[in-house]
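Content type TSV, C-alpha atoms and all ligand atoms, from the file start_36.tsv:
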chain	number	residue	atom	x	y	z
A	8	MET	CA	190.48	142.53	25.63
A	9	ASP	CA	192.23	145.79	24.86
A	10	ALA	CA	195.60	146.59	26.35
A	11	ARG	CA	195.31	149.61	28.59
A	12	ASP	CA	197.85	151.87	30.13
A	13	THR	CA	197.86	151.80	33.90
A	14	THR	CA	200.71	154.17	34.61
A	15	PRO	CA	201.89	157.56	33.40
A	16	ASN	CA	204.88	155.69	32.03
A	17	ASN	CA	202.58	153.84	29.66
A	18	ILE	CA	203.27	150.41	31.01
A	19	PRO	CA	200.85	148.35	28.94
A	20	TYR	CA	198.83	145.69	30.70
A	21	THR	CA	196.26	143.25	29.44
A	22	PRO	CA	194.68	141.30	32.29
A	23	PRO	CA	194.99	137.59	31.40
A	24	GLU	CA	191.80	135.69	30.71
A	25	LEU	CA	190.72	133.31	33.48
A	26	GLY	CA	192.45	129.97	32.87
A	27	ALA	CA	195.00	131.41	30.42
A	28	SER	CA	198.46	129.80	30.55
A	29	LEU	CA	200.89	132.06	32.37
A	30	ALA	CA	204.67	131.81	32.48
A	31	PRO	CA	205.72	130.87	36.02
A	32	ALA	CA	208.79	133.10	35.95
A	33	HIS	CA	209.68	136.43	34.41
A	34	PRO	CA	213.48	136.78	34.59
A	35	SER	CA	214.33	140.45	34.82
A	36	VAL	CA	217.56	142.13	35.88
A	37	ASP	CA	215.58	145.25	36.76
A	38	ALA	CA	213.23	143.28	38.98
A	39	VAL	CA	216.10	141.49	40.73
A	40	ASN	CA	217.85	144.76	41.43
A	41	MET	CA	214.64	146.37	42.64
A	42	LEU	CA	214.18	143.50	45.09
A	43	ARG	CA	217.82	143.62	46.19
A	44	LEU	CA	217.59	147.33	46.90
A	45	ARG	CA	214.05	147.45	48.30
A	46	ARG	CA	213.93	149.97	51.10
A	47	SER	CA	211.06	151.52	53.01
A	48	CYS	CA	210.96	155.29	53.11
A	49	PRO	CA	209.99	156.60	56.57
A	50	ALA	CA	206.59	158.28	56.38
A	51	ASP	CA	208.08	161.54	57.67
A	52	MET	CA	210.26	161.62	54.54
A	53	LEU	CA	207.38	161.15	52.08
A	54	GLY	CA	205.70	163.92	50.11
A	55	GLU	CA	203.90	164.80	46.90
A	56	PRO	CA	203.23	163.50	44.34
A	57	GLY	CA	201.47	160.30	45.09
A	58	PRO	CA	200.15	157.82	42.56
A	59	ASP	CA	197.24	159.05	40.45
A	60	ALA	CA	194.01	157.06	40.30
A	61	ALA	CA	195.19	154.75	37.51
A	62	VAL	CA	198.53	153.99	39.14
A	63	LEU	CA	196.92	153.44	42.53
A	64	GLU	CA	194.52	151.00	40.92
A	65	ALA	CA	197.48	149.19	39.35
A	66	ILE	CA	199.29	149.07	42.71
A	67	LEU	CA	196.24	147.73	44.54
A	68	THR	CA	195.57	145.18	41.80
A	69	ILE	CA	199.12	143.86	42.12
A	70	ALA	CA	198.86	143.85	45.92
A	71	ALA	CA	195.69	141.78	45.71
A	72	ARG	CA	197.51	139.20	43.59
A	73	ALA	CA	199.24	137.79	46.67
A	74	PRO	CA	199.21	134.03	47.31
A	75	ASP	CA	195.87	133.11	48.90
A	76	HIS	CA	195.22	129.49	49.95
A	77	ARG	CA	191.85	128.40	48.55
A	78	ARG	CA	191.05	131.92	47.37
A	79	VAL	CA	189.52	133.18	50.60
A	80	THR	CA	190.45	136.82	49.88
A	81	PRO	CA	191.06	137.40	53.59
A	82	PHE	CA	191.80	141.09	53.20
A	83	ARG	CA	190.33	144.37	52.02
A	84	PHE	CA	191.59	147.88	51.43
A	85	VAL	CA	190.59	151.29	52.81
A	86	VAL	CA	192.14	154.19	50.86
A	87	PHE	CA	192.83	157.59	52.42
A	88	GLU	CA	193.49	160.47	50.01
A	89	GLY	CA	192.87	164.22	50.05
A	90	ASP	CA	190.57	165.43	52.83
A	91	ALA	CA	189.98	161.91	54.13
A	92	ARG	CA	193.47	162.01	55.64
A	93	ALA	CA	192.57	164.99	57.86
A	94	ARG	CA	189.19	163.44	58.74
A	95	PHE	CA	191.02	160.35	59.94
A	96	GLY	CA	193.52	162.58	61.73
A	97	ALA	CA	190.62	164.04	63.75
A	98	VAL	CA	189.80	160.52	64.94
A	99	LEU	CA	193.43	159.96	65.96
A	100	LYS	CA	193.64	163.29	67.73
A	101	ALA	CA	190.41	162.70	69.66
A	102	ALA	CA	191.60	159.28	70.86
A	103	PHE	CA	195.00	160.68	71.77
A	104	VAL	CA	193.57	163.64	73.72
A	105	GLU	CA	191.13	161.38	75.54
A	106	ASP	CA	194.06	159.23	76.72
A	107	GLN	CA	196.49	162.05	77.37
A	108	PRO	CA	194.52	165.22	78.16
A	109	GLU	CA	197.60	166.86	79.70
A	110	ALA	CA	199.83	166.29	76.67
A	111	GLU	CA	201.34	169.25	74.84
A	112	ALA	CA	199.12	170.63	72.07
A	113	SER	CA	201.87	169.92	69.52
A	114	LYS	CA	201.57	166.20	70.21
A	115	ALA	CA	197.83	166.27	69.58
A	116	GLU	CA	198.46	168.21	66.37
A	117	TYR	CA	200.98	165.57	65.29
A	118	GLU	CA	198.21	162.98	65.56
A	119	ALA	CA	195.84	165.21	63.57
A	120	ALA	CA	198.44	165.43	60.80
A	121	ARG	CA	199.65	161.82	60.88
A	122	PHE	CA	198.01	160.77	57.61
A	123	LEU	CA	199.05	164.02	55.93
A	124	ARG	CA	202.59	162.67	55.90
A	125	ALA	CA	201.86	160.93	52.58
A	126	PRO	CA	199.57	161.71	49.64
A	127	VAL	CA	198.02	158.24	49.85
A	128	VAL	CA	197.63	155.84	52.75
A	129	VAL	CA	196.11	152.40	52.26
A	130	ALA	CA	194.84	150.42	55.23
A	131	VAL	CA	195.20	146.72	54.54
A	132	VAL	CA	192.58	145.01	56.65
A	133	SER	CA	193.09	141.35	57.54
A	134	SER	CA	189.60	139.94	57.24
A	135	VAL	CA	189.56	136.37	58.49
A	136	ASP	CA	186.83	133.91	57.62
A	137	ARG	CA	186.87	131.72	60.73
A	138	ALA	CA	184.40	129.24	59.27
A	139	HIS	CA	186.67	128.56	56.30
A	140	ARG	CA	188.84	125.43	56.28
A	141	THR	CA	191.92	127.48	55.38
A	142	PRO	CA	193.59	128.02	58.78
A	143	GLU	CA	193.30	131.48	60.29
A	144	TRP	CA	197.09	131.71	60.46
A	145	GLU	CA	197.36	131.27	56.69
A	146	GLN	CA	194.71	133.90	56.10
A	147	ILE	CA	196.65	136.35	58.27
A	148	LEU	CA	199.88	135.55	56.45
A	149	CYS	CA	198.08	136.26	53.18
A	150	ALA	CA	197.22	139.80	54.35
A	151	GLY	CA	200.90	140.31	55.21
A	152	ALA	CA	201.87	139.18	51.74
A	153	VAL	CA	199.40	141.71	50.33
A	154	CYS	CA	201.18	144.49	52.24
A	155	GLN	CA	204.57	143.41	50.92
A	156	ASN	CA	203.22	143.12	47.36
A	157	MET	CA	201.92	146.66	47.75
A	158	LEU	CA	205.36	147.96	48.75
A	159	LEU	CA	206.92	146.25	45.74
A	160	ALA	CA	204.22	147.46	43.37
A	161	ALA	CA	204.62	151.03	44.63
A	162	SER	CA	208.37	150.80	44.10
A	163	ALA	CA	207.99	149.36	40.60
A	164	HIS	CA	205.76	152.32	39.72
A	165	GLY	CA	208.37	154.76	41.00
A	166	PHE	CA	206.87	155.53	44.41
A	167	ALA	CA	208.31	155.21	47.89
A	168	ALA	CA	206.32	153.57	50.65
A	169	GLN	CA	206.32	152.42	54.25
A	170	TRP	CA	204.27	149.73	56.04
A	171	LEU	CA	203.27	150.97	59.48
A	172	THR	CA	200.96	149.94	62.29
A	173	GLU	CA	201.89	152.48	65.01
A	174	TRP	CA	199.54	152.78	68.02
A	175	TYR	CA	196.32	153.39	66.16
A	176	ALA	CA	196.22	150.04	64.35
A	177	TYR	CA	195.33	148.48	67.70
A	178	ASP	CA	193.09	151.18	69.17
A	179	THR	CA	189.44	150.22	69.71
A	180	ARG	CA	188.12	153.74	68.90
A	181	VAL	CA	190.11	153.79	65.65
A	182	ARG	CA	188.94	150.28	64.81
A	183	ALA	CA	185.35	151.44	65.29
A	184	ALA	CA	185.87	154.53	63.12
A	185	LEU	CA	187.20	152.27	60.36
A	186	GLY	CA	184.24	149.94	60.71
A	187	LEU	CA	186.36	146.88	61.44
A	188	GLY	CA	184.46	143.73	62.23
A	189	GLU	CA	185.30	141.49	65.17
A	190	HIS	CA	187.10	139.13	62.73
A	191	GLU	CA	189.18	141.98	61.28
A	192	ARG	CA	192.52	143.54	62.18
A	193	ILE	CA	194.80	146.09	60.61
A	194	ALA	CA	197.62	144.27	58.80
A	195	GLY	CA	199.19	147.61	58.02
A	196	PHE	CA	198.81	151.17	56.94
A	197	VAL	CA	200.86	151.51	53.75
A	198	TYR	CA	201.95	155.09	53.22
A	199	ILE	CA	202.75	155.85	49.55
A	200	GLY	CA	204.32	158.94	48.01
A	201	ALA	CA	207.50	160.45	46.69
A	202	ALA	CA	210.70	160.25	48.74
A	203	MET	CA	211.76	163.73	49.86
A	204	GLN	CA	215.08	162.22	51.00
A	205	ASP	CA	216.73	158.93	50.23
A	206	PRO	CA	216.65	156.55	53.18
A	207	LYS	CA	219.96	155.02	54.22
A	208	GLU	CA	220.84	151.37	53.98
A	209	ARG	CA	220.12	149.52	57.22
A	210	ALA	CA	221.53	146.26	58.55
A	211	ARG	CA	220.01	143.14	57.06
A	212	PRO	CA	219.97	139.60	58.39
A	213	VAL	CA	223.20	137.69	57.85
A	214	LEU	CA	222.05	134.72	55.85
A	215	SER	CA	224.32	132.27	57.65
A	216	ASP	CA	222.66	133.28	60.98
A	217	ILE	CA	219.21	132.33	59.82
A	218	LEU	CA	219.95	129.45	57.48
A	219	THR	CA	220.19	125.77	58.27
A	220	ARG	CA	219.79	122.80	56.00
A	221	PHE	CA	217.71	119.82	56.96
B	1	LIG	C1	203.52	144.56	60.37
B	1	LIG	C2	204.55	145.64	60.38
B	1	LIG	C3	204.31	146.79	61.12
B	1	LIG	C4	205.27	147.80	61.17
B	1	LIG	N1	205.00	148.90	61.91
B	1	LIG	C5	205.95	149.84	62.05
B	1	LIG	C6	205.71	150.97	62.88
B	1	LIG	O1	204.66	151.12	63.47
B	1	LIG	N2	206.72	151.89	62.99
B	1	LIG	C7	207.92	151.74	62.34
B	1	LIG	O2	208.79	152.59	62.47
B	1	LIG	N3	208.14	150.69	61.51
B	1	LIG	C8	207.20	149.73	61.36
B	1	LIG	N4	207.43	148.66	60.56
B	1	LIG	C9	208.73	148.57	59.86
B	1	LIG	C10	208.75	149.31	58.54
B	1	LIG	O3	207.72	148.89	57.70
B	1	LIG	C11	210.06	149.08	57.78
B	1	LIG	O4	210.29	147.71	57.64
B	1	LIG	C12	211.21	149.76	58.47
B	1	LIG	O5	211.04	151.16	58.34
B	1	LIG	C13	212.55	149.34	57.90
B	1	LIG	O6	212.65	149.59	56.56
B	1	LIG	P1	212.94	148.44	55.49
B	1	LIG	O7	211.59	147.91	55.07
B	1	LIG	O8	213.69	149.08	54.41
B	1	LIG	O9	213.71	147.38	56.18
B	1	LIG	C14	206.49	147.65	60.46
B	1	LIG	C15	206.70	146.51	59.69
B	1	LIG	C16	205.74	145.51	59.66
B	1	LIG	C17	206.03	144.28	58.85
Please, can you express the file's structure as structure tokens?
Amino acid sequence: MDARDTTPNNIPYTPPELGASLAPAHPSVDAVNMLRLRRSCPADMLGEPGPDAAVLEAILTIAARAPDHRRVTPFRFVVFEGDARARFGAVLKAAFVEDQPEAEASKAEYEAARFLRAPVVVAVVSSVDRAHRTPEWEQILCAGAVCQNMLLAASAHGFAAQWLTEWYAYDTRVRAALGLGEHERIAGFVYIGAAMQDPKERARPVLSDILTRF
């Protein structure tokens, strides 16, 4: 198989053959520092450019490489780019106006423009197979891991991102517009773009508060 470039930075990648031996660890000072400094960028602070088609494919491919007990693949992606973001915004605005007809017009317009905050938004859909012997809980956790992998992959490719649910992840009209099945839920909307401002460090858990030893 030929190596192919998947990013503008010419990061070469040859997908391993099925069954190929893979190193279980890849020590990397850069990777450790990226993980230490990982920070979401609020969607309001995102802007152009977003990842191009090849980089987005690389990001999604990495995201889909999350741990998955018994290979259920309990997730799928819906990508919003270009005009699709405004088309989805119309769905949000209609639902918002239906619920709050007296609200100021600016609030309805905020909903219409919600997905325009970033060049690319990826809905990660948790898609549970209830008949499968892998517990539903584990399948849901897998979709969460996919979202986190996506944040890390975006960062490694030089893009900022934020994992959001906001009100519309849980709205029945929005669920219908996205074609979600009864067994499906939004794990997250991952907004990806360039950081217009650097987010500030926020408090992190104190390890001693959350750590015990058995
Ligand atoms: C499932 C999930 C849903 C989230 N939804 C929202 C949200 O709707 N609004 C929000 O401000 N942050 C939300 N967050 C938090 C952000 O993704 C992010 O963690 C936060 O902005 C803090 O940044 P940090 O990732 O650098 O800690 C959510 C996180 C998770 C895991």
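Near ligand LIG 1 (chain B), at a distance of at most 8 Å and with all atoms listed in the file counted, sit the residues Arg45, Arg46, Ser47, Cys48, Pro49, Gly151, Gln169, Trp170, Leu171, Thr172, Glu173, Trp174, Ala194, Gly195, Glu208, Arg209 and Arg211 of chain A.
Of the listed residues A:Ile193, A:Cys154, A:Phe166, A:Ala160, the one whose atoms come nearest to Pro74 of chain A is A:Cys154, with distances taken using all atoms listed in the file.
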Which residues are close to segment 124-131 of chain A, i.e. within 10 Å by all atoms listed in the file, leaving aside same-chain residues fewer than 4 positions away? Reply as an MDAnalysis selection string. chainID A and resid 49:59 63 67 70 82:89 91:92 117 120 150:151 153:154 157 167:172 176 185 192:202
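Proximity ranking of A:Met41, A:Gly96, A:Ile66, A:Val132 relative to Glu116 of chain A places A:Gly96 first, based on all atoms listed in the file.
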So that all listed atoms of segment 37-42 of chain A fit with 3 Å spare on each side, what axis-aligned box centre and edge lengths in Å, to one decimal, would you give as lines of an AutoDock Vina configuration file?
center_x = 215.5
center_y = 143.9
center_z = 40.9
size_x = 10.6
size_y = 10.9
size_z = 14.3
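The spacing separating atom CA of Leu159 of chain A from atom CA of Glu145 of chain A amounts to 20.9 Å.
The space between atom CA of Pro22 of chain A and atom CA of Thr68 of chain A spans 10.3 Å.
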Pairwise distance for atom CA of Ala97 of chain A and atom CA of Arg121 of chain A, rounded to one decimal in Å: 9.7 Å
Residues near segment 140-142 of chain A, anyone? I mean within 9 Å using only C-alpha atoms, not counting same-chain ones fewer than 6 positions away, as a PDB file with C-alpha atoms, in the coordinates of the input.
ATOM      1  CA  HIS A  76     195.220 129.490  49.950  1.00  0.00           C
ATOM      2  CA  ARG A  77     191.850 128.400  48.550  1.00  0.00           C
ATOM      3  CA  VAL A  79     189.520 133.180  50.600  1.00  0.00           C
TER       4      VAL A  79
END
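For the choices A:Phe95, A:Asp90, A:Val39, A:Ala32, the atom-to-atom distance to Arg180 of chain A is smallest for A:Phe95 when using only C-alpha atoms.
Comparing A:His190, A:His164, A:Val62, A:Glu118 by their smallest distance to Ala38 of chain A, the closest is A:His164 (using all atoms listed in the file).
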Of A:Asp178, A:Asp136, A:Glu109, A:Asp205, the one sitting nearest Glu191 of chain A when using all atoms listed in the file is A:Asp136
Rebuild N, CA and C atoms on segment 189-208 of chain A, as a tab-separated table (two decimals), in the frame of the given file?
chain	number	residue	atom	x	y	z
A	189	GLU	N	184.64	142.21	64.07
A	189	GLU	CA	185.30	141.49	65.17
A	189	GLU	C	186.36	140.53	64.60
A	190	HIS	N	186.18	140.08	63.37
A	190	HIS	CA	187.10	139.13	62.73
A	190	HIS	C	188.21	139.86	61.95
A	191	GLU	N	188.25	141.19	62.10
A	191	GLU	CA	189.18	141.98	61.28
A	191	GLU	C	190.24	142.67	62.13
A	192	ARG	N	191.42	142.81	61.54
A	192	ARG	CA	192.52	143.54	62.18
A	192	ARG	C	193.28	144.32	61.11
A	193	ILE	N	193.95	145.35	61.54
A	193	ILE	CA	194.80	146.09	60.61
A	193	ILE	C	196.09	145.31	60.39
A	194	ALA	N	196.32	144.90	59.14
A	194	ALA	CA	197.62	144.27	58.80
A	194	ALA	C	198.67	145.36	58.65
A	195	GLY	N	198.25	146.50	58.16
A	195	GLY	CA	199.19	147.61	58.02
A	195	GLY	C	198.55	148.81	57.38
A	196	PHE	N	199.12	149.95	57.67
A	196	PHE	CA	198.81	151.17	56.94
A	196	PHE	C	200.01	151.38	56.00
A	197	VAL	N	199.77	151.33	54.70
A	197	VAL	CA	200.86	151.51	53.75
A	197	VAL	C	200.82	152.94	53.24
A	198	TYR	N	201.83	153.69	53.63
A	198	TYR	CA	201.95	155.09	53.22
A	198	TYR	C	202.69	155.11	51.88
A	199	ILE	N	202.16	155.84	50.89
A	199	ILE	CA	202.75	155.85	49.55
A	199	ILE	C	202.91	157.29	49.08
A	200	GLY	N	204.08	157.60	48.55
A	200	GLY	CA	204.32	158.94	48.01
A	200	GLY	C	205.68	159.02	47.34
A	201	ALA	N	206.16	160.23	47.25
A	201	ALA	CA	207.50	160.45	46.69
A	201	ALA	C	208.47	160.63	47.85
A	202	ALA	N	209.69	160.11	47.68
A	202	ALA	CA	210.70	160.25	48.74
A	202	ALA	C	211.29	161.65	48.67
A	203	MET	N	211.16	162.39	49.79
A	203	MET	CA	211.76	163.73	49.86
A	203	MET	C	213.26	163.63	50.12
A	204	GLN	N	213.65	162.52	50.77
A	204	GLN	CA	215.08	162.22	51.00
A	204	GLN	C	215.25	160.74	50.75
A	205	ASP	N	216.47	160.35	50.40
A	205	ASP	CA	216.73	158.93	50.23
A	205	ASP	C	217.03	158.31	51.58
A	206	PRO	N	216.31	157.24	51.93
A	206	PRO	CA	216.65	156.55	53.18
A	206	PRO	C	218.01	155.88	53.05
A	207	LYS	N	218.62	155.65	54.20
A	207	LYS	CA	219.96	155.02	54.22
A	207	LYS	C	219.83	153.50	54.34
A	208	GLU	N	220.81	152.82	53.83
A	208	GLU	CA	220.84	151.37	53.98
A	208	GLU	C	220.85	151.01	55.46
